[in-house]
Structures are given as structure tokens and as C-alpha cells.
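Okay, query.txt now, which holds compact mmCIF, N, CA and C atoms:
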# COMPACT_ATOMS: atom_id res chain seq x y z
N LYS A 1239 -22.49 -3.49 2.69
CA LYS A 1239 -22.19 -3.02 4.03
C LYS A 1239 -22.06 -4.19 5.00
N LYS A 1240 -22.92 -5.18 4.85
CA LYS A 1240 -22.88 -6.34 5.74
C LYS A 1240 -21.55 -7.09 5.59
N ARG A 1241 -21.14 -7.28 4.34
CA ARG A 1241 -19.87 -7.99 4.08
C ARG A 1241 -18.69 -7.24 4.68
N LEU A 1242 -18.69 -5.93 4.57
CA LEU A 1242 -17.60 -5.13 5.15
C LEU A 1242 -17.61 -5.19 6.67
N ALA A 1243 -18.78 -5.19 7.27
CA ALA A 1243 -18.87 -5.30 8.72
C ALA A 1243 -18.33 -6.64 9.19
N GLU A 1244 -18.67 -7.71 8.48
CA GLU A 1244 -18.15 -9.05 8.82
C GLU A 1244 -16.64 -9.09 8.63
N TYR A 1245 -16.16 -8.48 7.54
CA TYR A 1245 -14.72 -8.44 7.28
C TYR A 1245 -13.97 -7.74 8.40
N ARG A 1246 -14.49 -6.63 8.87
CA ARG A 1246 -13.81 -5.88 9.94
C ARG A 1246 -13.65 -6.73 11.20
N ILE A 1247 -14.64 -7.54 11.51
CA ILE A 1247 -14.55 -8.43 12.67
C ILE A 1247 -13.44 -9.45 12.47
N VAL A 1248 -13.41 -10.07 11.29
CA VAL A 1248 -12.39 -11.08 10.98
C VAL A 1248 -11.00 -10.43 10.98
N ARG A 1249 -10.89 -9.27 10.35
CA ARG A 1249 -9.61 -8.55 10.28
C ARG A 1249 -9.09 -8.20 11.67
N ASP A 1250 -9.95 -7.63 12.49
CA ASP A 1250 -9.53 -7.21 13.83
C ASP A 1250 -9.10 -8.40 14.67
N LYS A 1251 -9.81 -9.51 14.56
CA LYS A 1251 -9.45 -10.72 15.30
C LYS A 1251 -8.09 -11.24 14.83
N PHE A 1252 -7.88 -11.26 13.51
CA PHE A 1252 -6.61 -11.73 12.96
C PHE A 1252 -5.44 -10.88 13.45
N LEU A 1253 -5.60 -9.56 13.39
CA LEU A 1253 -4.52 -8.68 13.81
C LEU A 1253 -4.27 -8.75 15.32
N LYS A 1254 -5.30 -9.01 16.09
CA LYS A 1254 -5.12 -9.19 17.53
C LYS A 1254 -4.32 -10.46 17.81
N GLU A 1255 -4.59 -11.51 17.04
CA GLU A 1255 -3.89 -12.79 17.22
C GLU A 1255 -2.52 -12.81 16.56
N ASN A 1256 -2.25 -11.87 15.67
CA ASN A 1256 -0.98 -11.79 14.94
C ASN A 1256 -0.46 -10.36 15.01
N PRO A 1257 0.00 -9.95 16.18
CA PRO A 1257 0.34 -8.54 16.40
C PRO A 1257 1.73 -8.10 15.92
N THR A 1258 2.50 -9.03 15.37
CA THR A 1258 3.87 -8.72 14.97
C THR A 1258 4.05 -8.91 13.47
N CYS A 1259 4.82 -8.05 12.85
CA CYS A 1259 5.08 -8.14 11.42
C CYS A 1259 5.66 -9.51 11.07
N GLU A 1260 5.11 -10.13 10.03
CA GLU A 1260 5.54 -11.46 9.59
C GLU A 1260 6.79 -11.43 8.72
N PHE A 1261 7.24 -10.27 8.34
CA PHE A 1261 8.42 -10.19 7.48
C PHE A 1261 9.63 -10.68 8.26
N PRO A 1262 10.49 -11.50 7.64
CA PRO A 1262 11.66 -12.02 8.35
C PRO A 1262 12.48 -10.93 9.03
N GLU A 1263 12.84 -11.20 10.26
CA GLU A 1263 13.69 -10.34 11.08
C GLU A 1263 13.07 -9.00 11.45
N CYS A 1264 11.76 -8.86 11.27
CA CYS A 1264 11.08 -7.63 11.68
C CYS A 1264 10.26 -7.95 12.92
N SER A 1265 10.32 -7.07 13.88
CA SER A 1265 9.56 -7.30 15.11
C SER A 1265 8.59 -6.15 15.39
N SER A 1266 8.27 -5.39 14.35
CA SER A 1266 7.35 -4.27 14.52
C SER A 1266 5.98 -4.78 14.96
N ARG A 1267 5.39 -4.07 15.89
CA ARG A 1267 4.05 -4.42 16.35
C ARG A 1267 3.01 -3.42 15.83
N GLU A 1268 3.42 -2.60 14.89
CA GLU A 1268 2.50 -1.66 14.24
C GLU A 1268 2.18 -2.25 12.87
N VAL A 1269 1.19 -3.15 12.84
CA VAL A 1269 0.92 -3.91 11.63
C VAL A 1269 -0.41 -3.53 10.97
N THR A 1270 -0.45 -3.79 9.68
CA THR A 1270 -1.67 -3.67 8.89
C THR A 1270 -1.91 -5.04 8.26
N LEU A 1271 -3.06 -5.19 7.65
CA LEU A 1271 -3.40 -6.47 7.05
C LEU A 1271 -3.08 -6.47 5.56
N HIS A 1272 -2.30 -7.46 5.15
CA HIS A 1272 -2.02 -7.67 3.73
C HIS A 1272 -2.85 -8.87 3.27
N HIS A 1273 -3.59 -8.68 2.18
CA HIS A 1273 -4.37 -9.76 1.57
C HIS A 1273 -3.48 -10.40 0.51
N GLY A 1274 -2.93 -11.54 0.84
CA GLY A 1274 -1.94 -12.19 -0.02
C GLY A 1274 -2.43 -12.57 -1.40
N LYS A 1275 -3.74 -12.74 -1.57
CA LYS A 1275 -4.30 -13.08 -2.88
C LYS A 1275 -5.24 -11.99 -3.38
N GLY A 1276 -5.29 -10.87 -2.71
CA GLY A 1276 -6.18 -9.80 -3.11
C GLY A 1276 -7.44 -9.78 -2.25
N ARG A 1277 -8.39 -8.93 -2.62
CA ARG A 1277 -9.58 -8.72 -1.80
C ARG A 1277 -10.88 -8.95 -2.55
N ILE A 1278 -10.81 -9.57 -3.71
CA ILE A 1278 -11.99 -9.76 -4.54
C ILE A 1278 -12.85 -10.89 -3.99
N GLY A 1279 -14.15 -10.64 -3.91
CA GLY A 1279 -15.10 -11.67 -3.48
C GLY A 1279 -14.79 -12.24 -2.11
N SER A 1280 -14.78 -13.56 -2.02
CA SER A 1280 -14.57 -14.23 -0.73
C SER A 1280 -13.15 -14.05 -0.21
N LEU A 1281 -12.21 -13.63 -1.06
CA LEU A 1281 -10.83 -13.41 -0.61
C LEU A 1281 -10.74 -12.30 0.42
N LEU A 1282 -11.71 -11.41 0.43
CA LEU A 1282 -11.71 -10.30 1.38
C LEU A 1282 -11.58 -10.79 2.81
N SER A 1283 -12.25 -11.88 3.14
CA SER A 1283 -12.27 -12.37 4.53
C SER A 1283 -11.60 -13.74 4.69
N ASP A 1284 -10.85 -14.17 3.70
CA ASP A 1284 -10.22 -15.50 3.74
C ASP A 1284 -8.90 -15.41 4.51
N ILE A 1285 -8.93 -15.80 5.77
CA ILE A 1285 -7.75 -15.64 6.63
C ILE A 1285 -6.58 -16.51 6.20
N ARG A 1286 -6.81 -17.50 5.34
CA ARG A 1286 -5.69 -18.33 4.85
C ARG A 1286 -4.68 -17.49 4.08
N HIS A 1287 -5.10 -16.34 3.59
CA HIS A 1287 -4.22 -15.51 2.78
C HIS A 1287 -3.91 -14.17 3.44
N PHE A 1288 -4.20 -14.06 4.71
CA PHE A 1288 -3.90 -12.84 5.47
C PHE A 1288 -2.46 -12.87 5.96
N HIS A 1289 -1.84 -11.70 5.99
CA HIS A 1289 -0.50 -11.54 6.55
C HIS A 1289 -0.45 -10.22 7.31
N ALA A 1290 0.08 -10.26 8.51
CA ALA A 1290 0.28 -9.05 9.30
C ALA A 1290 1.63 -8.47 8.92
N LEU A 1291 1.62 -7.25 8.42
CA LEU A 1291 2.86 -6.61 7.98
C LEU A 1291 2.88 -5.16 8.46
N CYS A 1292 4.06 -4.69 8.82
CA CYS A 1292 4.21 -3.26 9.15
C CYS A 1292 4.10 -2.48 7.83
N ASP A 1293 3.91 -1.18 7.92
CA ASP A 1293 3.75 -0.36 6.72
C ASP A 1293 4.93 -0.49 5.76
N THR A 1294 6.14 -0.51 6.30
CA THR A 1294 7.34 -0.61 5.46
C THR A 1294 7.35 -1.90 4.66
N HIS A 1295 7.07 -3.02 5.33
CA HIS A 1295 7.11 -4.30 4.64
C HIS A 1295 5.86 -4.55 3.80
N HIS A 1296 4.75 -3.97 4.17
CA HIS A 1296 3.56 -4.05 3.34
C HIS A 1296 3.84 -3.37 2.00
N ARG A 1297 4.44 -2.22 2.06
CA ARG A 1297 4.82 -1.49 0.84
C ARG A 1297 5.84 -2.31 0.04
N TRP A 1298 6.83 -2.91 0.73
CA TRP A 1298 7.85 -3.72 0.05
C TRP A 1298 7.20 -4.88 -0.69
N VAL A 1299 6.25 -5.56 -0.05
CA VAL A 1299 5.56 -6.68 -0.68
C VAL A 1299 4.83 -6.21 -1.94
N GLU A 1300 4.15 -5.08 -1.86
CA GLU A 1300 3.43 -4.56 -3.02
C GLU A 1300 4.37 -4.16 -4.15
N GLU A 1301 5.56 -3.67 -3.82
CA GLU A 1301 6.52 -3.22 -4.82
C GLU A 1301 7.42 -4.34 -5.35
N ASN A 1302 7.42 -5.49 -4.68
CA ASN A 1302 8.29 -6.62 -5.06
C ASN A 1302 7.47 -7.90 -5.12
N PRO A 1303 6.51 -7.98 -6.04
CA PRO A 1303 5.59 -9.11 -6.04
C PRO A 1303 6.25 -10.47 -6.26
N LEU A 1304 7.27 -10.55 -7.10
CA LEU A 1304 7.90 -11.84 -7.34
C LEU A 1304 8.62 -12.35 -6.10
N LYS A 1305 9.38 -11.49 -5.46
CA LYS A 1305 10.08 -11.87 -4.22
C LYS A 1305 9.06 -12.20 -3.12
N ALA A 1306 7.99 -11.41 -3.04
CA ALA A 1306 6.96 -11.65 -2.02
C ALA A 1306 6.31 -13.01 -2.22
N LYS A 1307 6.10 -13.41 -3.46
CA LYS A 1307 5.55 -14.74 -3.75
C LYS A 1307 6.53 -15.82 -3.33
N GLU A 1308 7.81 -15.63 -3.61
CA GLU A 1308 8.84 -16.59 -3.20
C GLU A 1308 8.85 -16.76 -1.68
N MET A 1309 8.56 -15.69 -0.97
CA MET A 1309 8.57 -15.70 0.49
C MET A 1309 7.25 -16.19 1.09
N GLY A 1310 6.24 -16.43 0.24
CA GLY A 1310 4.95 -16.89 0.72
C GLY A 1310 4.06 -15.78 1.25
N LEU A 1311 4.39 -14.54 0.94
CA LEU A 1311 3.60 -13.41 1.42
C LEU A 1311 2.56 -12.93 0.43
N SER A 1312 2.63 -13.45 -0.80
CA SER A 1312 1.66 -13.11 -1.83
C SER A 1312 1.48 -14.32 -2.74
N ALA A 1313 0.38 -14.32 -3.48
CA ALA A 1313 0.09 -15.39 -4.43
C ALA A 1313 -0.82 -14.83 -5.51
N ASN A 1314 -0.84 -15.46 -6.64
CA ASN A 1314 -1.78 -15.08 -7.69
C ASN A 1314 -3.18 -15.50 -7.28
N ARG A 1315 -4.17 -14.74 -7.62
CA ARG A 1315 -5.55 -15.08 -7.27
C ARG A 1315 -5.96 -16.43 -7.81
N LEU A 1316 -5.42 -16.81 -8.95
CA LEU A 1316 -5.81 -18.07 -9.58
C LEU A 1316 -5.04 -19.27 -9.05
N ASP A 1317 -3.99 -19.05 -8.28
CA ASP A 1317 -3.24 -20.18 -7.69
C ASP A 1317 -4.14 -20.93 -6.73
N LYS A 1318 -3.99 -22.23 -6.72
CA LYS A 1318 -4.78 -23.06 -5.79
C LYS A 1318 -4.12 -23.13 -4.44

Structure translated into C-alpha cells:
Amino acid sequence: KKRLAEYRIVRDKFLKENPTCEFPECSSREVTLHHGKGRIGSLLSDIRHFHALCDTHHRWVEENPLKAKEMGLSANRLDK
């Protein structure tokens, strides 16, 4: 519970500072948080891998992992 409470603070701050979808040519301000390397362990709150994406592009990233990696919106958990 403590880790989730800390995560929510980090997440909310990130989304406040990044209010626009990061997907190229998208200007939606209705964004959610994408964890570019996943949410396991310390990755849950690691802002280096956070991306603000609208629902449409968040879904696109999840459905197109290879393209998303090419665009820098996702990475393998084991990548350095």
C-alpha cells in the first residue's frame, strides 16, 4: 500500500508536468501514464520510462510493440 501511495504521487506529478500526448502529431490533453518498461518492482515509479499518452495512442503502443520501441515509447525490461 505504501509503494502504491508513493507511486500515485509520482504519477500525478508527472502527468501534471506532461499534460499532452507524446505521440507524434497528437495534441490530446486527455492522457494516461504508459510505463515504457513495465511496472515490475522499481519500474513502477521510474519516471525515466514514463510516457504521457492519450487512450488511443496508449492502446496503439500496446498493440504495436516493435514500432513503439522504434519510436522510443517502449523498451524491453532487460534493456539498459

As JSON, what would the box around range 1242-1257 of chain A look like: edges along x, y and z, 6 Å added on every side, centre and edge lengths in Å to one decimal?
{"center_x": -8.6, "center_y": -9.0, "center_z": 11.2, "size_x": 32.6, "size_y": 19.7, "size_z": 25.2}

| said: When DSSP is applied to the backbone of this structure, which of chain A are assigned alpha helix (DSSP H)? Write them out as a PyMOL selection string. | reply: chain A and resi 1240-1255+1293-1301+1303-1308

| task | Tell me, as a PyMOL selection string, which residues lie within 8 Å of range 1276-1286 of chain A, counting only N, CA and C atoms; anything in the same chain fewer than 3 positions away does not count. | result | chain A and resi 1244-1246+1248-1249+1252+1272-1273+1289+1312-1315

| Filtered DSSP result for chain A, state strand (DSSP E), as a list in words |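 Restricting chain A to strand (DSSP E) produces Val1269, Thr1270, Leu1271, His1272, His1273, Phe1288, His1289, Ala1290, Leu1291 and Cys1292 of chain A.
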
| message | I'd like the interatomic distance between atom N of Ile1247 in chain A and atom C of Glu1300 in chain A, to a tenth of an Å. | response | 24.9 Å

| said: I'd like the contact shell of Cys1259 in chain A - 7 Å cut-off, all atoms listed in the file, skipping same-chain residues fewer than 4 positions apart - returned as a PyMOL selection string. | reply: chain A and resi 1264-1269+1290-1292

| What is the atom N of Lys1251 in chain A to CA of Thr1270 in chain A distance in Å? | 11.5 Å

| request: One decimal, Å: what's the distance from atom C of His1296 in chain A over to CA of Glu1255 in chain A, could you say? | output: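 A separation of 19.5 Å between them.
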